[in-house]
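Q: Before I ask anything, here is the structure I am working with.
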Amino acid sequence: MTDPHRPEADARPAAVLRGLGTFLPPRVVTNHELSERMDTSDEWIRTRTGIRERYWVEPGTATGDLAVEAGARALKSAGVDTVDAVVLATTTPDHPCPATAPWVAARLGLGRVPAYDIAAVCAGFVYALANAAGLILAGVADRVLVIGAETYSSILDPADRNTAVIFGDGAGAVVLEAGRADEPGALLGFDLGSDGGQHDLIAIPGGGSRQRSGGNPPDPAGSYFTMQGKRVFVQAVTSMGGSSRALLERLGWAGDTVDRLVGHQANVRILHAVADDLGIDRERAIVNLDRVGNTSAASIPLALADAAAAGDLRPGERVLLTAFGGGLAWGSTALVWPDINPNRHHPTRPERWTP
Ligand code: ACO
């Protein structure tokens, strides 16, 4: 009988995960701290979302700063100091223009490589992986640094309990390299989708050309992140479930052969509902949102690194990644976990995997 965890020989070219690095800023913001500032409670946040604490940057720290830290750690984890391209997923760029990635590439000493941002909100990291894999398969690049970095604390309305308790800051990055489909770490396929008909469910209404061209004076309130949580919840479950199922069918992976479900860390109830939908035991769903909150485009790499550090993600295991966010946009990919040493900077936890 063939071992479902050992792919048949498959010489097709693929983008292969070679390194993983993460960075969280030093300031921990607990549910208790938030409950002193707004009408909420640790009990409500924990039971409705699963979140206990999150990290927010100190004044003066921007997304690019976190991206540089995570990117440097991913390069170190992969044992390389050059790449052919940098793709950065973020909803909170340093500036509306230019993109954040070129400055990050320059600060990492990566030279004059192509570097650009991807805007797919919480699905951004999976979109960026697909984009980087495309560069590799098209022969444009042999090695790509893919970063997901966010400073949501900069776009949250501090008085809005619907959003301020959910989101955290942080960054994660991977190095992808040209390889073969039968290597551990090979990204085995993608399912991506969007539904712009529901663009208003997650939005920063102001600050863009829609507002400016309307001749309306800038409204500071319009620069805050807004989310219709209940409707987003339903869409998150159905979109991540549907996207994952489409990918698993294409790969010929039954749900119960998936060792680890690494879903976008928005809400533990969403992760469990997606696991149930796919026939994956809830214990196989990786959860680190209790410690970091929803970090949007940084969520998937932060979850991967924390799971690997905790021994919950081991070489040879089948891993399904799925994410969902504003747009609406969603995406999934899958891989067999490779033997890599993630390089984490987690201010309040030991860095067991730092080489
Ligand atoms: N503390 C206390 N009470 C609160 C809080 C809070 N922080 N927030 C809302 N409430 C209250 C509401 O006012 C409401 O009170 P009412 O019944 O008197 O009207 C009650 O709690 C229930 O509110 P809901 O919004 O219905 O709460 P729900 O159970 O849906 O949880 C949540 C809200 C956590 C936001 C949930 O809907 C959710 O997780 N949604 C999905 C978020 C997500 O998946 N995001 C991913 C994409 S994000 C991106 O792309 C950037």
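Just remember, in the structure tokens the first chain shown is A, the second B, etc., residues are 1-based per chain, and ligands are 1-based in the order shown.
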Skipping near chain neighbours, those fewer than 5 positions away, what residues fall within 8 Å of Tyr127 of chain A using only C-alpha atoms, listed as JSON, numbers by chain?
A: {"A": [89, 118, 120, 192, 331]}
Q: Looking only at the backbone, which of the residues in segment 154-185 of chain A does DSSP tag as alpha helix (DSSP H), as a list of chain:residue names?
A: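 Result set for segment 154-185 of chain A (alpha helix (DSSP H)): A:Arg161, A:Asn162, A:Thr163, A:Ala164.
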Q: Keeping only N, CA, C and O atoms, take the residues you just selected and write them out as a PDB file, in the first residue's frame.
A:
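Final output, saved to selection05.pdb:
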ATOM      1  N   ARG A 161     -15.096  48.520  20.027  1.00  0.00           N
ATOM      2  CA  ARG A 161     -14.842  47.208  20.627  1.00  0.00           C
ATOM      3  C   ARG A 161     -15.054  46.056  19.637  1.00  0.00           C
ATOM      4  O   ARG A 161     -14.628  44.942  19.888  1.00  0.00           O
ATOM      5  N   ASN A 162     -15.734  46.348  18.500  1.00  0.00           N
ATOM      6  CA  ASN A 162     -15.941  45.291  17.500  1.00  0.00           C
ATOM      7  C   ASN A 162     -14.657  44.891  16.793  1.00  0.00           C
ATOM      8  O   ASN A 162     -14.553  43.797  16.246  1.00  0.00           O
ATOM      9  N   THR A 163     -13.688  45.798  16.755  1.00  0.00           N
ATOM     10  CA  THR A 163     -12.442  45.491  16.040  1.00  0.00           C
ATOM     11  C   THR A 163     -11.206  45.578  16.945  1.00  0.00           C
ATOM     12  O   THR A 163     -10.268  44.800  16.778  1.00  0.00           O
ATOM     13  N   ALA A 164     -11.216  46.504  17.903  1.00  0.00           N
ATOM     14  CA  ALA A 164      -9.990  46.769  18.668  1.00  0.00           C
ATOM     15  C   ALA A 164      -9.540  45.558  19.475  1.00  0.00           C
ATOM     16  O   ALA A 164      -8.349  45.415  19.775  1.00  0.00           O
TER      17      ALA A 164
END
Q: With distances taken over only C-alpha atoms, which of A:Arg245, A:Arg318, A:Arg260, A:Arg291 is nearest to Leu278 of chain A?
A: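 With only C-alpha atoms as the atom set, the closest residue is A:Arg245.
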Q: Please return as a list of chain:residue names the residues found within 6 Å of ligand 1, counting only C-alpha atoms and all ligand atoms.
A: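 So, counting only C-alpha atoms and all ligand atoms, the residues near ligand 1 are A:Thr40, A:Ser41, A:Trp44, A:Ile45, A:Arg48, A:Thr49, A:Val121, A:Cys122, A:Arg161, A:Asn162, A:Val165, A:Gly229, A:Lys230, A:Val232, A:Phe233, A:Ala236, A:Ala266, A:Asn267, A:Ser296, A:Phe324, A:Gly325, A:Gly326.
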Q: Please write the residues from the selection above to a file, keeping C-alpha atoms, as a PDB file, in the first residue's frame.
A:
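Result saved to selection16.pdb:
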ATOM      1  CA  THR A  40     -15.557  44.760  26.993  1.00  0.00           C
ATOM      2  CA  SER A  41     -14.249  41.946  29.189  1.00  0.00           C
ATOM      3  CA  TRP A  44     -16.302  38.058  26.321  1.00  0.00           C
ATOM      4  CA  ILE A  45     -13.169  38.206  24.187  1.00  0.00           C
ATOM      5  CA  ARG A  48     -16.320  34.734  21.533  1.00  0.00           C
ATOM      6  CA  THR A  49     -12.910  34.646  19.815  1.00  0.00           C
ATOM      7  CA  VAL A 121      -6.074  41.539   3.428  1.00  0.00           C
ATOM      8  CA  CYS A 122      -6.117  38.406   5.621  1.00  0.00           C
ATOM      9  CA  ARG A 161     -14.842  47.208  20.627  1.00  0.00           C
ATOM     10  CA  ASN A 162     -15.941  45.291  17.500  1.00  0.00           C
ATOM     11  CA  VAL A 165     -10.087  43.514  20.655  1.00  0.00           C
ATOM     12  CA  GLY A 229     -18.256  40.598  12.218  1.00  0.00           C
ATOM     13  CA  LYS A 230     -21.312  38.358  12.101  1.00  0.00           C
ATOM     14  CA  VAL A 232     -17.786  37.915   7.987  1.00  0.00           C
ATOM     15  CA  PHE A 233     -17.909  34.922  10.342  1.00  0.00           C
ATOM     16  CA  ALA A 236     -15.033  32.911   6.568  1.00  0.00           C
ATOM     17  CA  ALA A 266      -9.333  35.000  13.156  1.00  0.00           C
ATOM     18  CA  ASN A 267     -11.465  33.146  15.679  1.00  0.00           C
ATOM     19  CA  SER A 296      -4.084  39.367   9.069  1.00  0.00           C
ATOM     20  CA  PHE A 324      -9.881  34.402   4.263  1.00  0.00           C
ATOM     21  CA  GLY A 325     -10.282  38.142   4.525  1.00  0.00           C
ATOM     22  CA  GLY A 326     -11.456  41.430   3.113  1.00  0.00           C
TER      23      GLY A 326
END
Q: So that I can see what lies close to Ser243 of chain A, please list as a list of chain:residue names the residues with an atom at most 7 Å from it, counting only C-alpha atoms and leaving out residues fewer than 3 positions away in the same chain.
A: A:Asp191, A:Ser239, A:Met240, A:Ala246, A:Leu247, A:Gly331, A:Ser332
Q: Do a neighbour search on segment 176-181 of chain A at 7 Å with only C-alpha atoms, toss out local chain neighbours closer than 5 positions, and write the hits as a PyMOL selection string.
A: chain A and resi 10-18+136+142-145+186+188
Q: Residues of the last selection are to be written out with all heavy atoms, as a tab-separated table (two decimals), in the first residue's frame.
A:
chain	number	residue	atom	x	y	z
A	10	ASP	N	7.87	12.63	-8.28
A	10	ASP	CA	7.19	13.63	-9.10
A	10	ASP	C	8.20	14.72	-9.42
A	10	ASP	O	8.51	15.56	-8.58
A	10	ASP	CB	5.99	14.20	-8.33
A	10	ASP	CG	5.15	15.14	-9.19
A	10	ASP	OD1	5.64	15.56	-10.26
A	10	ASP	OD2	4.03	15.45	-8.79
A	11	ALA	N	8.72	14.65	-10.64
A	11	ALA	CA	9.82	15.56	-11.00
A	11	ALA	C	9.33	16.92	-11.48
A	11	ALA	O	10.14	17.76	-11.88
A	11	ALA	CB	10.68	14.90	-12.08
A	12	ARG	N	8.03	17.17	-11.41
A	12	ARG	CA	7.54	18.47	-11.88
A	12	ARG	C	8.17	19.60	-11.06
A	12	ARG	O	8.36	19.46	-9.85
A	12	ARG	CB	6.02	18.55	-11.74
A	12	ARG	CG	5.27	17.84	-12.86
A	12	ARG	CD	3.79	17.90	-12.62
A	12	ARG	NE	3.45	17.29	-11.34
A	12	ARG	CZ	2.28	17.43	-10.74
A	12	ARG	NH1	1.34	18.16	-11.30
A	12	ARG	NH2	2.03	16.82	-9.59
A	13	PRO	N	8.45	20.72	-11.71
A	13	PRO	CA	9.01	21.84	-10.94
A	13	PRO	C	7.99	22.38	-9.95
A	13	PRO	O	6.79	22.33	-10.20
A	13	PRO	CB	9.35	22.89	-12.01
A	13	PRO	CG	8.55	22.52	-13.21
A	13	PRO	CD	8.27	21.06	-13.14
A	14	ALA	N	8.49	22.86	-8.83
A	14	ALA	CA	7.61	23.41	-7.80
A	14	ALA	C	8.38	24.44	-6.99
A	14	ALA	O	9.62	24.45	-6.97
A	14	ALA	CB	7.12	22.30	-6.87
A	15	ALA	N	7.63	25.29	-6.30
A	15	ALA	CA	8.23	26.22	-5.34
A	15	ALA	C	8.27	25.50	-3.99
A	15	ALA	O	7.27	24.96	-3.54
A	15	ALA	CB	7.38	27.48	-5.23
A	16	VAL	N	9.47	25.49	-3.37
A	16	VAL	CA	9.68	24.68	-2.16
A	16	VAL	C	10.04	25.60	-0.99
A	16	VAL	O	10.90	26.48	-1.11
A	16	VAL	CB	10.80	23.65	-2.40
A	16	VAL	CG1	11.03	22.80	-1.15
A	16	VAL	CG2	10.46	22.76	-3.59
A	17	LEU	N	9.38	25.33	0.16
A	17	LEU	CA	9.64	26.11	1.38
A	17	LEU	C	10.99	25.70	1.97
A	17	LEU	O	11.20	24.54	2.31
A	17	LEU	CB	8.52	25.81	2.39
A	17	LEU	CG	8.57	26.53	3.73
A	17	LEU	CD1	8.34	28.01	3.56
A	17	LEU	CD2	7.51	25.95	4.66
A	18	ARG	N	11.90	26.71	2.11
A	18	ARG	CA	13.25	26.42	2.63
A	18	ARG	C	13.55	27.06	3.98
A	18	ARG	O	14.49	26.69	4.65
A	18	ARG	CB	14.30	26.94	1.65
A	18	ARG	CG	14.23	26.35	0.27
A	18	ARG	CD	14.85	24.96	0.23
A	18	ARG	NE	15.00	24.53	-1.15
A	18	ARG	CZ	14.74	23.32	-1.59
A	18	ARG	NH1	14.31	22.38	-0.77
A	18	ARG	NH2	14.90	23.02	-2.85
A	136	ILE	N	8.51	31.67	-9.70
A	136	ILE	CA	9.47	30.56	-9.77
A	136	ILE	C	9.14	29.65	-10.96
A	136	ILE	O	10.02	29.29	-11.76
A	136	ILE	CB	9.48	29.79	-8.43
A	136	ILE	CG1	10.17	30.65	-7.36
A	136	ILE	CG2	10.17	28.43	-8.57
A	136	ILE	CD1	10.07	30.13	-5.94
A	142	ASP	N	14.49	32.24	-9.04
A	142	ASP	CA	14.77	30.92	-8.46
A	142	ASP	C	14.48	30.91	-6.96
A	142	ASP	O	14.23	29.86	-6.38
A	142	ASP	CB	16.24	30.53	-8.66
A	142	ASP	CG	16.48	30.04	-10.07
A	142	ASP	OD1	15.52	29.53	-10.68
A	142	ASP	OD2	17.61	30.20	-10.57
A	143	ARG	N	14.58	32.07	-6.34
A	143	ARG	CA	14.39	32.13	-4.89
A	143	ARG	C	13.65	33.43	-4.55
A	143	ARG	O	14.07	34.51	-5.01
A	143	ARG	CB	15.75	32.10	-4.19
A	143	ARG	CG	15.65	31.97	-2.68
A	143	ARG	CD	17.00	32.12	-2.03
A	143	ARG	NE	17.93	31.07	-2.35
A	143	ARG	CZ	19.25	31.22	-2.45
A	143	ARG	NH1	19.80	32.41	-2.28
A	143	ARG	NH2	20.03	30.20	-2.72
A	144	VAL	N	12.59	33.31	-3.75
A	144	VAL	CA	11.76	34.48	-3.44
A	144	VAL	C	11.56	34.56	-1.93
A	144	VAL	O	11.28	33.56	-1.27
A	144	VAL	CB	10.37	34.40	-4.13
A	144	VAL	CG1	9.57	35.67	-3.87
A	144	VAL	CG2	10.52	34.16	-5.63
A	145	LEU	N	11.69	35.76	-1.40
A	145	LEU	CA	11.33	36.03	0.00
A	145	LEU	C	9.89	36.52	0.03
A	145	LEU	O	9.55	37.52	-0.61
A	145	LEU	CB	12.27	37.09	0.58
A	145	LEU	CG	12.00	37.52	2.03
A	145	LEU	CD1	12.18	36.35	3.00
A	145	LEU	CD2	12.92	38.68	2.42
A	186	ALA	N	7.36	21.34	-0.87
A	186	ALA	CA	6.84	21.81	-2.16
A	186	ALA	C	5.39	22.25	-2.01
A	186	ALA	O	4.58	21.53	-1.41
A	186	ALA	CB	6.93	20.70	-3.20
A	188	LEU	N	1.97	22.34	-3.27
A	188	LEU	CA	1.45	21.33	-4.18
A	188	LEU	C	0.28	21.81	-5.03
A	188	LEU	O	-0.19	21.08	-5.89
A	188	LEU	CB	1.04	20.09	-3.37
A	188	LEU	CG	2.23	19.44	-2.63
A	188	LEU	CD1	1.75	18.36	-1.67
A	188	LEU	CD2	3.23	18.87	-3.62
Q: Which polymer residues have any atom within 10 Å of an atom of Trp56 of chain A, counting only C-alpha atoms, with same-chain residues fewer than 2 positions away left out, as a PyMOL selection string?
A: chain A and resi 24-29+53-54+58-59+61+150-154+167-170+292
Q: Would you please work out which residue, of A:Ala297, A:Met38, A:Ala310, A:Ala329, is nearest to Leu201 of chain A when using only C-alpha atoms?
A: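 Residue with the minimum atom-to-atom distance to Leu201 of chain A: A:Ala329.
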Q: Which segment 85-163 of chain A residues have any atom within 10 Å of an atom of segment 202-220 of chain A, and for each, what is the nearest pair of atoms with distance in Å to one decimal, counting only C-alpha atoms, rows sorted by chain and number, as a Markdown table?
A:
| residue | atom | partner | partner_atom | distance |
| --- | --- | --- | --- | --- |
| A:Thr91 | CA | A:Ile204 | CA | 9.9 |
| A:Pro96 | CA | A:Gly208 | CA | 8.7 |
| A:Val121 | CA | A:Ile202 | CA | 9.1 |
| A:Ile155 | CA | A:Ile204 | CA | 8.3 |
| A:Leu156 | CA | A:Ile204 | CA | 9.8 |
Q: How would the residues just chosen look if you wrote them out with C-alpha atoms as a compact mmCIF listing (two decimals), in the first residue's frame?
A:
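result-v9.txt was written with the following content:
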# COMPACT_ATOMS: atom_id res chain seq x y z
CA THR A 91 -3.08 45.73 4.58
CA PRO A 96 -0.14 54.51 0.38
CA VAL A 121 -6.07 41.54 3.43
CA ILE A 155 -5.78 51.45 11.68
CA LEU A 156 -7.97 50.36 14.61
Q: If you run DSSP on this backbone, which residues of segment 21-241 of chain A come out as strand (DSSP E or B), and could you give them as number ranges by chain?
A: A: 21-23, 27-30, 53-56, 85-89, 115-118, 143-150, 167, 170-180, 186, 190-194, 202-203, 226-227
Q: Can you write just those residues out, N, CA and C atoms, as a compact mmCIF listing (two decimals), in the first residue's frame?
A:
# COMPACT_ATOMS: atom_id res chain seq x y z
N GLY A 21 10.72 32.62 9.14
CA GLY A 21 11.11 33.52 10.22
C GLY A 21 9.93 34.37 10.67
N THR A 22 9.89 34.70 11.96
CA THR A 22 8.78 35.53 12.45
C THR A 22 9.28 36.57 13.43
N PHE A 23 8.46 37.61 13.59
CA PHE A 23 8.82 38.66 14.54
C PHE A 23 7.55 39.26 15.14
N ARG A 27 5.51 44.75 22.84
CA ARG A 27 4.44 45.16 23.77
C ARG A 27 3.25 44.20 23.72
N VAL A 28 2.99 43.54 24.85
CA VAL A 28 1.84 42.64 24.97
C VAL A 28 0.64 43.45 25.43
N VAL A 29 -0.50 43.27 24.76
CA VAL A 29 -1.73 43.93 25.17
C VAL A 29 -2.72 42.84 25.55
N THR A 30 -3.05 42.77 26.83
CA THR A 30 -3.93 41.70 27.31
C THR A 30 -5.40 42.13 27.20
N GLU A 53 -4.44 37.54 24.38
CA GLU A 53 -3.55 38.71 24.28
C GLU A 53 -3.08 38.85 22.85
N ARG A 54 -2.53 40.02 22.56
CA ARG A 54 -1.99 40.30 21.24
C ARG A 54 -0.82 41.26 21.43
N TYR A 55 -0.04 41.49 20.38
CA TYR A 55 1.10 42.41 20.44
C TYR A 55 0.78 43.63 19.59
N TRP A 56 1.07 44.80 20.13
CA TRP A 56 0.93 46.04 19.37
C TRP A 56 2.29 46.74 19.38
N ALA A 85 13.64 37.95 -5.65
CA ALA A 85 12.45 38.82 -5.58
C ALA A 85 11.93 38.84 -4.15
N VAL A 86 11.22 39.92 -3.84
CA VAL A 86 10.56 40.05 -2.53
C VAL A 86 9.09 40.38 -2.76
N VAL A 87 8.21 39.57 -2.18
CA VAL A 87 6.77 39.80 -2.28
C VAL A 87 6.25 40.00 -0.87
N LEU A 88 5.61 41.13 -0.62
CA LEU A 88 5.17 41.49 0.74
C LEU A 88 3.65 41.64 0.77
N ALA A 89 2.99 40.83 1.58
CA ALA A 89 1.54 40.95 1.75
C ALA A 89 1.25 41.82 2.95
N ALA A 115 10.56 43.93 -6.18
CA ALA A 115 9.95 43.89 -4.84
C ALA A 115 8.65 44.66 -4.91
N TYR A 116 7.58 44.03 -4.46
CA TYR A 116 6.27 44.68 -4.55
C TYR A 116 5.33 44.13 -3.49
N ASP A 117 4.22 44.86 -3.28
CA ASP A 117 3.24 44.48 -2.26
C ASP A 117 2.05 43.75 -2.90
N ILE A 118 1.41 42.95 -2.08
CA ILE A 118 0.16 42.26 -2.45
C ILE A 118 -0.90 42.71 -1.46
N ARG A 143 14.58 32.07 -6.34
CA ARG A 143 14.39 32.13 -4.89
C ARG A 143 13.65 33.43 -4.55
N VAL A 144 12.59 33.31 -3.75
CA VAL A 144 11.76 34.48 -3.44
C VAL A 144 11.56 34.56 -1.93
N LEU A 145 11.69 35.76 -1.40
CA LEU A 145 11.33 36.03 0.00
C LEU A 145 9.89 36.52 0.03
N VAL A 146 9.04 35.78 0.75
CA VAL A 146 7.61 36.12 0.86
C VAL A 146 7.34 36.54 2.30
N ILE A 147 6.81 37.75 2.46
CA ILE A 147 6.60 38.29 3.82
C ILE A 147 5.13 38.66 4.00
N GLY A 148 4.60 38.36 5.17
CA GLY A 148 3.29 38.91 5.58
C GLY A 148 3.54 39.75 6.82
N ALA A 149 3.20 41.03 6.76
CA ALA A 149 3.51 41.92 7.90
C ALA A 149 2.37 42.92 8.09
N GLU A 150 2.06 43.19 9.35
CA GLU A 150 0.94 44.08 9.64
C GLU A 150 1.16 44.88 10.91
N PHE A 167 -7.54 42.42 16.69
CA PHE A 167 -6.36 42.40 15.82
C PHE A 167 -5.05 42.67 16.57
N GLY A 170 2.37 42.06 13.85
CA GLY A 170 3.40 41.02 13.76
C GLY A 170 3.79 40.79 12.31
N ALA A 171 4.76 39.91 12.13
CA ALA A 171 5.24 39.61 10.78
C ALA A 171 5.79 38.20 10.71
N GLY A 172 5.62 37.58 9.54
CA GLY A 172 6.20 36.26 9.29
C GLY A 172 6.67 36.21 7.85
N ALA A 173 7.66 35.39 7.58
CA ALA A 173 8.23 35.35 6.23
C ALA A 173 8.73 33.95 5.91
N VAL A 174 8.70 33.62 4.64
CA VAL A 174 9.28 32.34 4.20
C VAL A 174 10.19 32.59 3.00
N VAL A 175 11.12 31.66 2.81
CA VAL A 175 11.93 31.64 1.59
C VAL A 175 11.43 30.48 0.75
N LEU A 176 11.03 30.78 -0.49
CA LEU A 176 10.65 29.74 -1.45
C LEU A 176 11.74 29.62 -2.50
N GLU A 177 12.00 28.38 -2.92
CA GLU A 177 13.07 28.15 -3.89
C GLU A 177 12.59 27.17 -4.94
N ALA A 178 13.15 27.25 -6.13
CA ALA A 178 12.81 26.30 -7.19
C ALA A 178 13.26 24.90 -6.78
N GLY A 179 12.35 23.94 -6.94
CA GLY A 179 12.67 22.55 -6.60
C GLY A 179 11.72 21.62 -7.32
N ARG A 180 11.50 20.44 -6.71
CA ARG A 180 10.63 19.43 -7.33
C ARG A 180 9.39 19.20 -6.48
N ALA A 186 7.36 21.34 -0.87
CA ALA A 186 6.84 21.81 -2.16
C ALA A 186 5.39 22.25 -2.01
N PHE A 190 -2.79 25.42 -5.54
CA PHE A 190 -3.46 26.57 -4.92
C PHE A 190 -4.93 26.59 -5.32
N ASP A 191 -5.76 27.08 -4.43
CA ASP A 191 -7.12 27.46 -4.78
C ASP A 191 -7.30 28.89 -4.27
N LEU A 192 -7.61 29.81 -5.18
CA LEU A 192 -7.79 31.21 -4.79
C LEU A 192 -9.15 31.70 -5.28
N GLY A 193 -9.75 32.65 -4.56
CA GLY A 193 -11.01 33.21 -5.03
C GLY A 193 -11.31 34.55 -4.40
N SER A 194 -12.33 35.23 -4.96
CA SER A 194 -12.75 36.52 -4.38
C SER A 194 -14.23 36.74 -4.64
N ILE A 202 -15.65 44.23 5.01
CA ILE A 202 -14.37 44.54 5.67
C ILE A 202 -13.77 45.70 4.88
N ALA A 203 -13.61 46.86 5.51
CA ALA A 203 -13.17 48.02 4.72
C ALA A 203 -12.56 49.12 5.58
N THR A 226 -13.03 48.84 9.48
CA THR A 226 -14.38 48.44 9.90
C THR A 226 -14.65 47.01 9.46
N MET A 227 -15.47 46.31 10.23
CA MET A 227 -15.79 44.91 9.89
C MET A 227 -17.19 44.58 10.38
Q: May I have the residues within 9 Å of Val68 of chain A as a PyMOL selection string, using only C-alpha atoms and disregarding those fewer than 3 positions away in the same chain?
A: chain A and resi 63-65+71-73+104-105+107-108+147+171
Q: Can those selected residues be exported to a file as a CSV table (one decimal), in the first residue's frame so that it contains all heavy atoms?
A:
chain,number,residue,atom,x,y,z
A,63,THR,N,5.0,48.8,9.7
A,63,THR,CA,4.9,47.5,9.1
A,63,THR,C,6.3,47.1,8.5
A,63,THR,O,6.7,46.0,8.7
A,63,THR,CB,3.8,47.5,8.0
A,63,THR,OG1,2.5,47.6,8.7
A,63,THR,CG2,3.8,46.1,7.3
A,64,GLY,N,6.9,48.0,7.8
A,64,GLY,CA,8.2,47.7,7.2
A,64,GLY,C,9.2,47.3,8.2
A,64,GLY,O,10.1,46.4,7.9
A,65,ASP,N,9.2,47.9,9.4
A,65,ASP,CA,10.2,47.5,10.4
A,65,ASP,C,10.0,46.1,10.8
A,65,ASP,O,10.9,45.3,11.0
A,65,ASP,CB,10.0,48.4,11.6
A,65,ASP,CG,10.1,49.9,11.3
A,65,ASP,OD1,11.0,50.2,10.4
A,65,ASP,OD2,9.4,50.7,11.8
A,71,GLY,N,11.8,39.0,7.8
A,71,GLY,CA,12.5,38.7,6.6
A,71,GLY,C,14.0,38.2,6.9
A,71,GLY,O,14.4,37.2,6.3
A,72,ALA,N,14.6,38.9,7.7
A,72,ALA,CA,16.0,38.6,8.1
A,72,ALA,C,16.1,37.2,8.7
A,72,ALA,O,17.0,36.4,8.5
A,72,ALA,CB,16.6,39.6,9.0
A,73,ARG,N,15.1,36.9,9.6
A,73,ARG,CA,15.0,35.6,10.3
A,73,ARG,C,14.7,34.5,9.3
A,73,ARG,O,15.2,33.4,9.4
A,73,ARG,CB,14.0,35.7,11.4
A,73,ARG,CG,14.6,36.5,12.6
A,73,ARG,CD,13.6,36.7,13.7
A,73,ARG,NE,14.2,37.3,14.8
A,73,ARG,CZ,14.6,38.5,15.0
A,73,ARG,NH1,14.3,39.4,14.0
A,73,ARG,NH2,15.2,38.9,16.0
A,104,VAL,N,11.9,47.5,2.2
A,104,VAL,CA,12.3,46.3,3.0
A,104,VAL,C,13.4,45.5,2.3
A,104,VAL,O,14.4,45.2,3.0
A,104,VAL,CB,11.1,45.4,3.2
A,104,VAL,CG1,11.5,44.0,3.8
A,104,VAL,CG2,10.0,46.1,4.0
A,105,ALA,N,13.3,45.3,1.0
A,105,ALA,CA,14.4,44.6,0.3
A,105,ALA,C,15.7,45.4,0.4
A,105,ALA,O,16.8,44.8,0.7
A,105,ALA,CB,14.0,44.5,-1.2
A,107,ARG,N,16.6,47.5,2.9
A,107,ARG,CA,17.1,47.4,4.2
A,107,ARG,C,17.7,46.0,4.6
A,107,ARG,O,18.6,45.9,5.4
A,107,ARG,CB,16.0,47.7,5.2
A,107,ARG,CG,15.7,49.2,5.2
A,107,ARG,CD,14.4,49.6,5.9
A,107,ARG,NE,14.6,49.3,7.4
A,107,ARG,CZ,13.5,49.4,8.2
A,107,ARG,NH1,12.3,49.7,7.8
A,107,ARG,NH2,13.7,49.1,9.5
A,108,LEU,N,17.2,45.0,3.8
A,108,LEU,CA,17.8,43.6,4.0
A,108,LEU,C,19.0,43.4,3.2
A,108,LEU,O,19.6,42.3,3.2
A,108,LEU,CB,16.7,42.6,3.7
A,108,LEU,CG,15.6,42.4,4.7
A,108,LEU,CD1,14.4,41.6,4.1
A,108,LEU,CD2,16.1,41.8,6.0
A,147,ILE,N,6.8,37.7,2.5
A,147,ILE,CA,6.6,38.3,3.8
A,147,ILE,C,5.1,38.7,4.0
A,147,ILE,O,4.5,39.2,3.1
A,147,ILE,CB,7.5,39.6,4.0
A,147,ILE,CG1,8.9,39.3,3.7
A,147,ILE,CG2,7.3,40.0,5.5
A,147,ILE,CD1,9.8,40.6,3.8
A,171,ALA,N,4.8,39.9,12.1
A,171,ALA,CA,5.2,39.6,10.8
A,171,ALA,C,5.8,38.2,10.7
A,171,ALA,O,6.3,37.7,11.7
A,171,ALA,CB,6.3,40.6,10.4
Q: Please provide as a PyMOL selection string all residues within 6 Å of Leu289 of chain A, with the sequence filter that same-chain residues fewer than 3 positions apart are discarded (counting only C-alpha atoms).
A: chain A and resi 51+265+292-293
Q: Using Å and a single decimal, report how far atom CA of Ala309 of chain A sits from atom CA of His345 of chain A.
A: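 These two atoms are separated by 11.3 Å.
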Q: Distance atom CA of Pro102 of chain A-atom CA of Ala141 of chain A, one decimal place?
A: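 Spanning atom CA of Pro102 of chain A to atom CA of Ala141 of chain A is a straight-line distance of 16.1 Å.
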Q: Could you please determine the separation between atom CA of Leu321 of chain A and atom CA of Leu304 of chain A in Å, to one decimal place?
A: 9.4 Å
